[in-house]
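Listing of upload.cif; format and content: mmCIF, C-alpha atoms.
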data_structure
#
loop_
_atom_site.group_PDB
_atom_site.id
_atom_site.type_symbol
_atom_site.label_atom_id
_atom_site.label_comp_id
_atom_site.auth_asym_id
_atom_site.auth_seq_id
_atom_site.Cartn_x
_atom_site.Cartn_y
_atom_site.Cartn_z
ATOM 1 C CA MET A 1 -75.978 58.420 82.074
ATOM 2 C CA ASP A 2 -74.475 55.434 83.897
ATOM 3 C CA ARG A 3 -73.623 52.046 82.426
ATOM 4 C CA ARG A 4 -76.987 50.452 83.231
ATOM 5 C CA GLU A 5 -78.901 53.334 81.625
ATOM 6 C CA PHE A 6 -76.653 53.228 78.592
ATOM 7 C CA LEU A 7 -77.182 49.500 78.133
ATOM 8 C CA THR A 8 -80.931 49.923 78.351
ATOM 9 C CA THR A 9 -80.917 52.760 75.838
ATOM 10 C CA ALA A 10 -78.561 50.923 73.503
ATOM 11 C CA ALA A 11 -80.669 47.784 73.601
ATOM 12 C CA ALA A 12 -83.812 49.730 72.799
ATOM 13 C CA ALA A 13 -82.075 51.309 69.833
ATOM 14 C CA GLY A 14 -80.904 47.965 68.512
ATOM 15 C CA LEU A 15 -77.184 48.223 69.238
ATOM 16 C CA ALA A 16 -76.323 44.948 67.525
ATOM 17 C CA THR A 17 -78.060 46.083 64.340
ATOM 18 C CA ALA A 18 -76.408 49.482 64.455
ATOM 19 C CA LEU A 19 -72.987 47.954 64.830
ATOM 20 C CA GLY A 20 -73.494 46.021 61.630
ATOM 21 C CA SER A 21 -72.295 42.579 60.710
ATOM 22 C CA GLN A 22 -68.815 43.161 62.166
ATOM 23 C CA LEU A 23 -70.249 42.982 65.695
ATOM 24 C CA ALA A 24 -73.633 41.323 65.306
ATOM 25 C CA GLN A 25 -72.122 38.013 64.296
ATOM 26 C CA GLY A 26 -71.007 35.646 67.037
ATOM 27 C CA GLU A 27 -70.769 35.856 70.768
ATOM 28 C CA PRO A 28 -68.357 38.035 72.759
ATOM 29 C CA ARG A 29 -64.982 36.400 73.336
ATOM 30 C CA PRO A 30 -62.565 36.836 76.223
ATOM 31 C CA LEU A 31 -60.872 40.201 75.889
ATOM 32 C CA PRO A 32 -57.565 39.651 74.029
ATOM 33 C CA ARG A 33 -54.287 40.387 75.806
ATOM 34 C CA ARG A 34 -50.982 41.390 74.256
ATOM 35 C CA ARG A 35 -47.405 41.487 75.491
ATOM 36 C CA LEU A 36 -46.277 44.918 76.675
ATOM 37 C CA GLY A 37 -43.159 45.523 74.606
ATOM 38 C CA LYS A 38 -40.063 43.826 75.960
ATOM 39 C CA THR A 39 -41.634 43.239 79.378
ATOM 40 C CA PRO A 40 -43.226 39.912 80.345
ATOM 41 C CA GLU A 41 -46.540 41.640 81.074
ATOM 42 C CA ARG A 42 -49.671 40.824 79.094
ATOM 43 C CA ILE A 43 -52.398 43.440 79.246
ATOM 44 C CA SER A 44 -55.909 43.688 77.850
ATOM 45 C CA VAL A 45 -56.249 45.372 74.458
ATOM 46 C CA LEU A 46 -58.637 47.831 76.072
ATOM 47 C CA GLY A 47 -57.788 49.846 79.145
ATOM 48 C CA LEU A 48 -59.966 51.856 81.498
ATOM 49 C CA GLY A 49 -58.920 55.475 81.893
ATOM 50 C CA GLY A 50 -59.558 57.069 85.263
ATOM 51 C CA ILE A 51 -61.666 59.840 83.715
ATOM 52 C CA VAL A 52 -64.449 57.271 83.258
ATOM 53 C CA VAL A 53 -65.073 57.090 87.019
ATOM 54 C CA MET A 54 -65.177 60.861 87.547
ATOM 55 C CA GLY A 55 -68.412 62.706 88.213
ATOM 56 C CA GLY A 56 -70.366 59.909 89.871
ATOM 57 C CA THR A 57 -70.543 58.309 93.280
ATOM 58 C CA GLN A 58 -67.953 55.959 94.730
ATOM 59 C CA GLU A 59 -70.489 53.154 94.432
ATOM 60 C CA GLU A 60 -70.853 53.850 90.701
ATOM 61 C CA ALA A 61 -67.088 53.969 90.251
ATOM 62 C CA SER A 62 -66.678 50.663 92.041
ATOM 63 C CA ARG A 63 -69.353 49.067 89.885
ATOM 64 C CA VAL A 64 -67.701 50.270 86.660
ATOM 65 C CA VAL A 65 -64.343 48.859 87.787
ATOM 66 C CA ARG A 66 -65.880 45.574 88.943
ATOM 67 C CA ASP A 67 -67.713 45.097 85.656
ATOM 68 C CA ALA A 68 -64.594 45.953 83.641
ATOM 69 C CA VAL A 69 -62.445 43.466 85.571
ATOM 70 C CA ASN A 70 -65.095 40.768 85.228
ATOM 71 C CA ARG A 71 -65.100 41.322 81.456
ATOM 72 C CA GLY A 72 -61.326 40.950 81.228
ATOM 73 C CA VAL A 73 -59.931 44.474 81.559
ATOM 74 C CA ASN A 74 -56.672 44.376 83.506
ATOM 75 C CA TYR A 75 -55.125 47.683 82.330
ATOM 76 C CA PHE A 76 -56.033 50.833 84.270
ATOM 77 C CA ASP A 77 -54.550 54.285 83.668
ATOM 78 C CA VAL A 78 -54.971 57.466 85.670
ATOM 79 C CA ALA A 79 -53.300 60.794 86.412
ATOM 80 C CA PRO A 80 -53.478 63.325 89.261
ATOM 81 C CA SER A 81 -54.642 66.016 86.859
ATOM 82 C CA TYR A 82 -57.874 64.152 86.097
ATOM 83 C CA GLY A 83 -60.451 66.105 88.045
ATOM 84 C CA ASP A 84 -57.794 67.596 90.345
ATOM 85 C CA GLY A 85 -57.281 64.181 91.912
ATOM 86 C CA GLU A 86 -60.880 62.954 91.807
ATOM 87 C CA ALA A 87 -60.094 60.110 89.403
ATOM 88 C CA GLU A 88 -57.350 58.768 91.674
ATOM 89 C CA GLN A 89 -59.522 59.165 94.754
ATOM 90 C CA LYS A 90 -62.340 57.172 93.118
ATOM 91 C CA LEU A 91 -60.141 54.563 91.457
ATOM 92 C CA GLY A 92 -58.172 53.716 94.607
ATOM 93 C CA PRO A 93 -61.101 52.355 96.633
ATOM 94 C CA ALA A 94 -62.659 50.824 93.512
ATOM 95 C CA LEU A 95 -59.526 48.743 92.878
ATOM 96 C CA GLU A 96 -59.320 47.385 96.411
ATOM 97 C CA GLY A 97 -59.600 43.631 96.134
ATOM 98 C CA TYR A 98 -58.414 43.694 92.525
ATOM 99 C CA ARG A 99 -54.992 45.337 92.880
ATOM 100 C CA ASP A 100 -52.996 42.139 92.354
ATOM 101 C CA ARG A 101 -55.070 41.287 89.274
ATOM 102 C CA VAL A 102 -54.560 44.531 87.356
ATOM 103 C CA PHE A 103 -51.802 46.502 85.676
ATOM 104 C CA LEU A 104 -52.006 50.019 87.152
ATOM 105 C CA ALA A 105 -50.454 52.973 85.325
ATOM 106 C CA CYS A 106 -50.184 56.549 86.548
ATOM 107 C CA LYS A 107 -48.448 59.742 85.403
ATOM 108 C CA THR A 108 -46.769 62.948 86.503
ATOM 109 C CA ALA A 109 -46.978 66.281 84.723
ATOM 110 C CA ARG A 110 -44.122 67.682 86.780
ATOM 111 C CA ARG A 111 -40.829 68.109 84.948
ATOM 112 C CA ASP A 112 -38.538 68.537 87.968
ATOM 113 C CA ARG A 113 -37.186 65.841 90.254
ATOM 114 C CA GLY A 114 -38.706 67.144 93.463
ATOM 115 C CA GLY A 115 -42.122 67.823 91.966
ATOM 116 C CA ALA A 116 -42.327 64.414 90.324
ATOM 117 C CA ALA A 117 -41.336 62.656 93.555
ATOM 118 C CA GLU A 118 -43.970 64.601 95.490
ATOM 119 C CA GLU A 119 -46.678 63.889 92.925
ATOM 120 C CA LEU A 120 -45.842 60.179 92.913
ATOM 121 C CA GLN A 121 -46.270 59.960 96.676
ATOM 122 C CA THR A 122 -49.636 61.711 96.503
ATOM 123 C CA SER A 123 -50.808 59.367 93.758
ATOM 124 C CA LEU A 124 -49.787 56.287 95.738
ATOM 125 C CA GLU A 125 -51.753 57.522 98.741
ATOM 126 C CA ARG A 126 -54.868 58.317 96.717
ATOM 127 C CA LEU A 127 -54.706 55.004 94.870
ATOM 128 C CA ARG A 128 -54.242 53.125 98.156
ATOM 129 C CA THR A 129 -51.260 51.158 96.942
ATOM 130 C CA ASN A 130 -47.539 50.977 97.622
ATOM 131 C CA ARG A 131 -46.553 50.414 94.013
ATOM 132 C CA LEU A 132 -47.433 51.270 90.436
ATOM 133 C CA ASP A 133 -46.858 48.957 87.514
ATOM 134 C CA LEU A 134 -46.138 51.844 85.147
ATOM 135 C CA TYR A 135 -45.223 55.458 85.869
ATOM 136 C CA GLN A 136 -45.140 57.944 83.007
ATOM 137 C CA LEU A 137 -44.072 61.466 82.181
ATOM 138 C CA HIS A 138 -47.424 62.973 81.267
ATOM 139 C CA GLY A 139 -48.237 64.953 78.140
ATOM 140 C CA LEU A 140 -44.865 65.902 76.691
ATOM 141 C CA THR A 141 -45.530 68.509 74.009
ATOM 142 C CA SER A 142 -42.186 70.083 73.105
ATOM 143 C CA VAL A 143 -38.534 69.151 72.753
ATOM 144 C CA ASP A 144 -37.691 71.747 75.418
ATOM 145 C CA GLU A 145 -40.007 69.988 77.867
ATOM 146 C CA VAL A 146 -38.316 66.701 77.120
ATOM 147 C CA ARG A 147 -34.871 68.201 77.706
ATOM 148 C CA THR A 148 -35.977 69.612 81.051
ATOM 149 C CA ALA A 149 -37.589 66.362 82.214
ATOM 150 C CA LEU A 150 -34.619 64.238 81.134
ATOM 151 C CA GLY A 151 -31.939 66.711 82.170
ATOM 152 C CA PRO A 152 -30.089 67.324 85.436
ATOM 153 C CA ASP A 153 -32.479 67.343 88.414
ATOM 154 C CA GLY A 154 -35.286 66.522 86.000
ATOM 155 C CA ALA A 155 -38.329 64.364 86.614
ATOM 156 C CA ILE A 156 -36.657 61.301 85.147
ATOM 157 C CA GLU A 157 -34.345 61.179 88.159
ATOM 158 C CA ALA A 158 -37.337 60.810 90.471
ATOM 159 C CA LEU A 159 -38.767 58.071 88.253
ATOM 160 C CA ARG A 160 -35.523 56.121 88.214
ATOM 161 C CA GLU A 161 -35.180 56.411 91.989
ATOM 162 C CA ALA A 162 -38.764 55.225 92.463
ATOM 163 C CA ARG A 163 -38.031 52.213 90.281
ATOM 164 C CA GLU A 164 -34.942 51.405 92.339
ATOM 165 C CA ARG A 165 -37.038 51.561 95.530
ATOM 166 C CA GLY A 166 -39.663 49.247 94.053
ATOM 167 C CA GLN A 167 -42.407 51.893 94.027
ATOM 168 C CA VAL A 168 -42.782 51.572 90.260
ATOM 169 C CA ARG A 169 -41.939 48.684 87.942
ATOM 170 C CA TYR A 170 -41.760 50.219 84.473
ATOM 171 C CA LEU A 171 -41.184 53.731 83.122
ATOM 172 C CA GLY A 172 -42.901 55.394 80.196
ATOM 173 C CA PHE A 173 -44.188 58.664 78.802
ATOM 174 C CA SER A 174 -47.150 60.118 76.960
ATOM 175 C CA ALA A 175 -46.730 62.750 74.263
ATOM 176 C CA HIS A 176 -48.892 64.910 72.043
ATOM 177 C CA SER A 177 -46.370 65.805 69.371
ATOM 178 C CA VAL A 178 -44.203 63.787 67.033
ATOM 179 C CA ASP A 179 -41.086 65.817 67.832
ATOM 180 C CA ALA A 180 -41.504 65.422 71.593
ATOM 181 C CA ALA A 181 -42.074 61.685 71.279
ATOM 182 C CA MET A 182 -38.995 61.218 69.123
ATOM 183 C CA ALA A 183 -36.857 63.280 71.484
ATOM 184 C CA ALA A 184 -38.060 61.324 74.517
ATOM 185 C CA MET A 185 -37.240 58.003 72.884
ATOM 186 C CA ASP A 186 -33.784 59.286 71.953
ATOM 187 C CA GLY A 187 -33.151 60.600 75.449
ATOM 188 C CA PHE A 188 -34.030 57.630 77.679
ATOM 189 C CA ALA A 189 -34.695 53.891 77.412
ATOM 190 C CA PHE A 190 -38.395 53.986 78.281
ATOM 191 C CA ASP A 191 -40.435 50.794 78.495
ATOM 192 C CA THR A 192 -43.622 52.279 77.040
ATOM 193 C CA ILE A 193 -45.084 55.122 75.042
ATOM 194 C CA LEU A 194 -48.672 56.383 75.263
ATOM 195 C CA PHE A 195 -49.512 58.258 72.063
ATOM 196 C CA PRO A 196 -52.531 59.209 69.905
ATOM 197 C CA VAL A 197 -53.128 56.533 67.251
ATOM 198 C CA ASN A 198 -56.169 57.747 65.363
ATOM 199 C CA TRP A 199 -57.279 57.166 61.783
ATOM 200 C CA VAL A 200 -57.941 60.820 60.921
ATOM 201 C CA CYS A 201 -54.621 61.960 62.391
ATOM 202 C CA TRP A 202 -52.878 59.067 60.645
ATOM 203 C CA TYR A 203 -54.222 59.724 57.154
ATOM 204 C CA LYS A 204 -54.878 63.480 57.223
ATOM 205 C CA GLY A 205 -52.265 64.748 59.689
ATOM 206 C CA ASP A 206 -49.300 62.412 59.062
ATOM 207 C CA PHE A 207 -49.384 61.959 62.821
ATOM 208 C CA GLY A 208 -48.519 58.587 64.306
ATOM 209 C CA PRO A 209 -46.909 56.241 61.755
ATOM 210 C CA GLN A 210 -43.364 57.496 62.290
ATOM 211 C CA VAL A 211 -43.692 57.372 66.083
ATOM 212 C CA LEU A 212 -44.961 53.793 66.109
ATOM 213 C CA ARG A 213 -42.194 52.703 63.750
ATOM 214 C CA GLU A 214 -39.548 54.153 66.044
ATOM 215 C CA ALA A 215 -41.128 52.762 69.197
ATOM 216 C CA ARG A 216 -41.454 49.284 67.717
ATOM 217 C CA SER A 217 -37.813 49.365 66.577
ATOM 218 C CA ARG A 218 -36.948 49.795 70.264
ATOM 219 C CA ASP A 219 -39.363 47.031 71.349
ATOM 220 C CA MET A 220 -41.338 49.482 73.447
ATOM 221 C CA GLY A 221 -44.875 48.781 74.559
ATOM 222 C CA CYS A 222 -47.085 51.064 72.431
ATOM 223 C CA LEU A 223 -50.259 52.239 74.151
ATOM 224 C CA ALA A 224 -52.819 54.199 72.154
ATOM 225 C CA LEU A 225 -54.879 57.290 72.868
ATOM 226 C CA LYS A 226 -57.698 58.926 70.888
ATOM 227 C CA ALA A 227 -58.678 55.882 68.829
ATOM 228 C CA MET A 228 -62.327 57.001 68.807
ATOM 229 C CA ALA A 229 -61.741 60.706 68.128
ATOM 230 C CA ARG A 230 -63.254 62.206 64.983
ATOM 231 C CA SER A 231 -62.505 65.950 64.838
ATOM 232 C CA PRO A 232 -62.283 69.104 66.984
ATOM 233 C CA TRP A 233 -65.489 70.652 68.275
ATOM 234 C CA ALA A 234 -66.556 73.784 66.456
ATOM 235 C CA PRO A 235 -66.112 76.936 68.590
ATOM 236 C CA GLY A 236 -69.079 77.229 70.929
ATOM 237 C CA GLU A 237 -70.624 73.963 69.744
ATOM 238 C CA GLN A 238 -73.072 72.420 72.204
ATOM 239 C CA HIS A 239 -72.680 68.721 72.880
ATOM 240 C CA GLY A 240 -73.353 66.004 75.434
ATOM 241 C CA TYR A 241 -69.773 64.894 76.069
ATOM 242 C CA PRO A 242 -68.361 67.049 78.884
ATOM 243 C CA LYS A 243 -65.371 64.720 79.359
ATOM 244 C CA CYS A 244 -64.303 64.901 75.687
ATOM 245 C CA TRP A 245 -62.396 67.954 74.437
ATOM 246 C CA TYR A 246 -62.818 66.609 70.872
ATOM 247 C CA ARG A 247 -65.783 65.232 68.931
ATOM 248 C CA PRO A 248 -65.848 61.481 69.613
ATOM 249 C CA GLU A 249 -66.916 58.919 67.061
ATOM 250 C CA ASP A 250 -70.170 57.835 68.700
ATOM 251 C CA ASP A 251 -71.923 56.209 65.767
ATOM 252 C CA PRO A 252 -71.546 52.533 66.764
ATOM 253 C CA ALA A 253 -70.474 51.204 63.365
ATOM 254 C CA ARG A 254 -67.997 54.016 62.698
ATOM 255 C CA ALA A 255 -66.668 53.858 66.265
ATOM 256 C CA ALA A 256 -66.087 50.128 65.866
ATOM 257 C CA LEU A 257 -64.149 50.719 62.659
ATOM 258 C CA ALA A 258 -62.073 53.475 64.255
ATOM 259 C CA LEU A 259 -61.128 51.332 67.247
ATOM 260 C CA ARG A 260 -60.355 48.332 65.055
ATOM 261 C CA PHE A 261 -58.067 50.535 62.953
ATOM 262 C CA THR A 262 -56.063 51.470 66.036
ATOM 263 C CA LEU A 263 -55.919 47.940 67.424
ATOM 264 C CA SER A 264 -54.720 46.699 64.022
ATOM 265 C CA GLN A 265 -51.629 48.898 64.292
ATOM 266 C CA PRO A 266 -48.580 47.640 66.256
ATOM 267 C CA VAL A 267 -50.098 48.722 69.574
ATOM 268 C CA VAL A 268 -50.640 46.754 72.756
ATOM 269 C CA ALA A 269 -53.801 48.439 74.008
ATOM 270 C CA ALA A 270 -56.049 51.450 73.544
ATOM 271 C CA LEU A 271 -57.615 53.776 76.096
ATOM 272 C CA PRO A 272 -61.125 54.857 74.972
ATOM 273 C CA PRO A 273 -62.607 58.291 75.751
ATOM 274 C CA GLY A 274 -63.499 59.054 79.365
ATOM 275 C CA ASP A 275 -67.248 58.943 78.741
ATOM 276 C CA SER A 276 -68.788 55.813 80.253
ATOM 277 C CA ARG A 277 -71.086 55.285 77.249
ATOM 278 C CA LEU A 278 -68.134 55.292 74.872
ATOM 279 C CA PHE A 279 -66.124 53.014 77.161
ATOM 280 C CA GLU A 280 -68.981 50.508 77.096
ATOM 281 C CA LEU A 281 -69.148 50.718 73.309
ATOM 282 C CA ALA A 282 -65.378 50.230 73.027
ATOM 283 C CA LEU A 283 -65.511 47.210 75.328
ATOM 284 C CA THR A 284 -68.229 45.650 73.177
ATOM 285 C CA VAL A 285 -66.065 46.162 70.080
ATOM 286 C CA ALA A 286 -62.933 44.786 71.742
ATOM 287 C CA GLU A 287 -64.741 41.637 72.853
ATOM 288 C CA ARG A 288 -65.503 40.916 69.189
ATOM 289 C CA TYR A 289 -62.264 42.283 67.763
ATOM 290 C CA LYS A 290 -61.227 41.415 64.223
ATOM 291 C CA PRO A 291 -58.276 43.050 62.418
ATOM 292 C CA ILE A 292 -59.268 45.726 59.954
ATOM 293 C CA THR A 293 -59.316 44.726 56.296
ATOM 294 C CA ALA A 294 -57.617 46.463 53.377
ATOM 295 C CA GLU A 295 -61.020 47.504 52.032
ATOM 296 C CA GLU A 296 -61.965 49.049 55.380
ATOM 297 C CA ARG A 297 -58.651 50.903 55.532
ATOM 298 C CA GLY A 298 -59.394 52.327 52.114
ATOM 299 C CA ARG A 299 -62.790 53.568 53.243
ATOM 300 C CA LEU A 300 -61.293 55.249 56.295
ATOM 301 C CA LYS A 301 -58.610 56.915 54.211
ATOM 302 C CA MET A 302 -61.243 58.323 51.857
ATOM 303 C CA SER A 303 -63.380 59.526 54.772
ATOM 304 C CA ALA A 304 -60.428 61.295 56.394
ATOM 305 C CA ARG A 305 -60.101 63.657 53.424
ATOM 306 C CA ASP A 306 -63.104 65.687 54.594
ATOM 307 C CA LEU A 307 -62.170 65.848 58.292
ATOM 308 C CA GLU A 308 -59.899 67.996 60.437
ATOM 309 C CA PRO A 309 -57.586 65.924 62.632
ATOM 310 C CA ILE A 310 -57.232 66.744 66.308
ATOM 311 C CA PHE A 311 -53.429 66.426 65.927
ATOM 312 C CA ARG A 312 -51.110 67.093 62.998
ATOM 313 C CA ARG A 313 -47.423 66.593 62.533
ATOM 314 C CA ALA A 314 -45.798 70.038 62.577
ATOM 315 C CA SER A 315 -44.803 69.770 58.913
ATOM 316 C CA ALA A 316 -48.031 68.106 57.738
#
Written as structure tokens, how would this file's structure read?
Amino acid sequence: MDRREFLTTAAAAGLATALGSQLAQGEPRPLPRRRLGKTPERISVLGLGGIVVMGGTQEEASRVVRDAVNRGVNYFDVAPSYGDGEAEQKLGPALEGYRDRVFLACKTARRDRGGAAEELQTSLERLRTNRLDLYQLHGLTSVDEVRTALGPDGAIEALREARERGQVRYLGFSAHSVDAAMAAMDGFAFDTILFPVNWVCWYKGDFGPQVLREARSRDMGCLALKAMARSPWAPGEQHGYPKCWYRPEDDPARAALALRFTLSQPVVAALPPGDSRLFELALTVAERYKPITAEERGRLKMSARDLEPIFRRASA
């Protein structure tokens, strides 16, 4: 289902009513922007992940990007592993004409200097640009991985050299464990962190609060993943979200609450799931964003008791 089909379906179902009073009241506002840590950059509170443009035509990808930019999205994030390069190949042409108006982030999963340098060059070519605004170590999961990437002849050397050449402006990392995130922050003065900030993980898995506290103490730009995740899929469960490895929160009212929870934490921006329907829903929420209330936090905390988080802290 593309964006136009989703909008038609949502309208027929009464999206405004389903979203409840938190979205039905008032008109959409310009998408808020926040300062990215200690940098001078201001980016939209909602980013577009490259997975959104996978699976369709180039024309569809270009339309999604054009609509997002016109609605105030200036933060785009992609990685070479998304569709074995398809996301980069679609996003590059789609961003032509907008490159100077957007903040473009990419990643490398390589942990060695040579591999990271090679992957960066490939990404630049696919994205049809000579520079990235943010380049990140992708998906750090263990302290050993961090040590390798930050050690002698590690990937961090390629990132620093690219920054010196002007190919990238800022350096960051994404992580999927508390220990890896803490080790990365201890090991290098990164500008940003991309980390899951999700209400179920927060309340049920003790996963996220300690990482955000540490990142904020360093004045890093905190970027959020998995805001609209609910729980893991059951083994063999059939579903209509091929781009989501977890069960997304697709009920409009609950999804709005989940995203507002994340955006009410000390984060700069959130990247919604890669499904175009969920991206559209997230954009609608972000255009009407209001900080979450204490009563709403309490309801989420109660709801989390009956759910399995997609991430837990190792000791939780």
Asp153 of chain A surroundings by all atoms listed in the file, 10 Å radius, close-in-sequence under 6 positions cut, as a list in words: Arg111, Asp112, Arg113 and Gly114 of chain A
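Here atom CA of Leu132 of chain A and atom CA of Val168 of chain A stand 4.7 Å from one another.
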* For Arg260 of chain A, which of A:Cys106, A:Leu46, A:Leu137, A:Leu150 is the closest residue, counting only C-alpha atoms? ->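 Looking only at the distances to Arg260 of chain A, the closest residue turns out to be A:Leu46.
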Neighbouring residues of segment 266-271 of chain A were defined as those with any atom within 6 Å, considering only C-alpha atoms; residues of the same chain fewer than 4 positions away were excluded. Please report them as a PDB file with C-alpha atoms, keeping the file's coordinate frame.
ATOM      1  CA  ARG A  34     -50.982  41.390  74.256  1.00  0.00           C
ATOM      2  CA  VAL A  45     -56.249  45.372  74.458  1.00  0.00           C
ATOM      3  CA  LEU A  46     -58.637  47.831  76.072  1.00  0.00           C
ATOM      4  CA  GLY A  47     -57.788  49.846  79.145  1.00  0.00           C
ATOM      5  CA  CYS A 222     -47.085  51.064  72.431  1.00  0.00           C
ATOM      6  CA  LEU A 223     -50.259  52.239  74.151  1.00  0.00           C
ATOM      7  CA  ALA A 224     -52.819  54.199  72.154  1.00  0.00           C
ATOM      8  CA  LEU A 225     -54.879  57.290  72.868  1.00  0.00           C
TER       9      LEU A 225
END
Picked residues, the PyMOL selection byres ((chain A and resi 77-79) around 8), as a PDB file with C-alpha atoms, keeping the file's coordinate frame:
ATOM      1  CA  GLY A  47     -57.788  49.846  79.145  1.00  0.00           C
ATOM      2  CA  LEU A  48     -59.966  51.856  81.498  1.00  0.00           C
ATOM      3  CA  GLY A  49     -58.920  55.475  81.893  1.00  0.00           C
ATOM      4  CA  GLY A  50     -59.558  57.069  85.263  1.00  0.00           C
ATOM      5  CA  ILE A  51     -61.666  59.840  83.715  1.00  0.00           C
ATOM      6  CA  TYR A  75     -55.125  47.683  82.330  1.00  0.00           C
ATOM      7  CA  PHE A  76     -56.033  50.833  84.270  1.00  0.00           C
ATOM      8  CA  PRO A  80     -53.478  63.325  89.261  1.00  0.00           C
ATOM      9  CA  SER A  81     -54.642  66.016  86.859  1.00  0.00           C
ATOM     10  CA  TYR A  82     -57.874  64.152  86.097  1.00  0.00           C
ATOM     11  CA  GLY A  85     -57.281  64.181  91.912  1.00  0.00           C
ATOM     12  CA  ALA A  87     -60.094  60.110  89.403  1.00  0.00           C
ATOM     13  CA  GLU A  88     -57.350  58.768  91.674  1.00  0.00           C
ATOM     14  CA  LEU A 104     -52.006  50.019  87.152  1.00  0.00           C
ATOM     15  CA  ALA A 105     -50.454  52.973  85.325  1.00  0.00           C
ATOM     16  CA  CYS A 106     -50.184  56.549  86.548  1.00  0.00           C
ATOM     17  CA  LYS A 107     -48.448  59.742  85.403  1.00  0.00           C
ATOM     18  CA  THR A 108     -46.769  62.948  86.503  1.00  0.00           C
ATOM     19  CA  SER A 123     -50.808  59.367  93.758  1.00  0.00           C
TER      20      SER A 123
END
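Atom to atom, atom CA of Gly166 of chain A and atom CA of Arg131 of chain A stand 7.0 Å apart.
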query: Which distance in Å separates atom CA of Glu59 of chain A and atom CA of Glu86 of chain A, to one decimal?
result: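 A separation of 14.0 Å between them.
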* To do: Let me know the residues the PyMOL selection byres ((chain A and resi 143) around 10) catches in the file above, as a ChimeraX atom specification.
  => /A:140-142,144-149,177-184
With a distance cut-off of 10 Å and only C-alpha atoms, select the neighbouring residues of segment 195-207 of chain A, excluding the residue or stretch itself and same-chain residues fewer than 5 positions from it, and output the selection as a PyMOL selection string.
chain A and resi 139+173-178+181+212+222-231+257-263+265+267+270-271+297+300-316
Selected by the PyMOL selection byres ((chain A and resi 73) around 10) in the shown coordinates: which residues, as JSON, numbers by chain?
{"A": [30, 31, 32, 33, 43, 44, 45, 46, 47, 48, 65, 66, 67, 68, 69, 70, 71, 72, 74, 75, 76, 101, 102, 103, 283]}
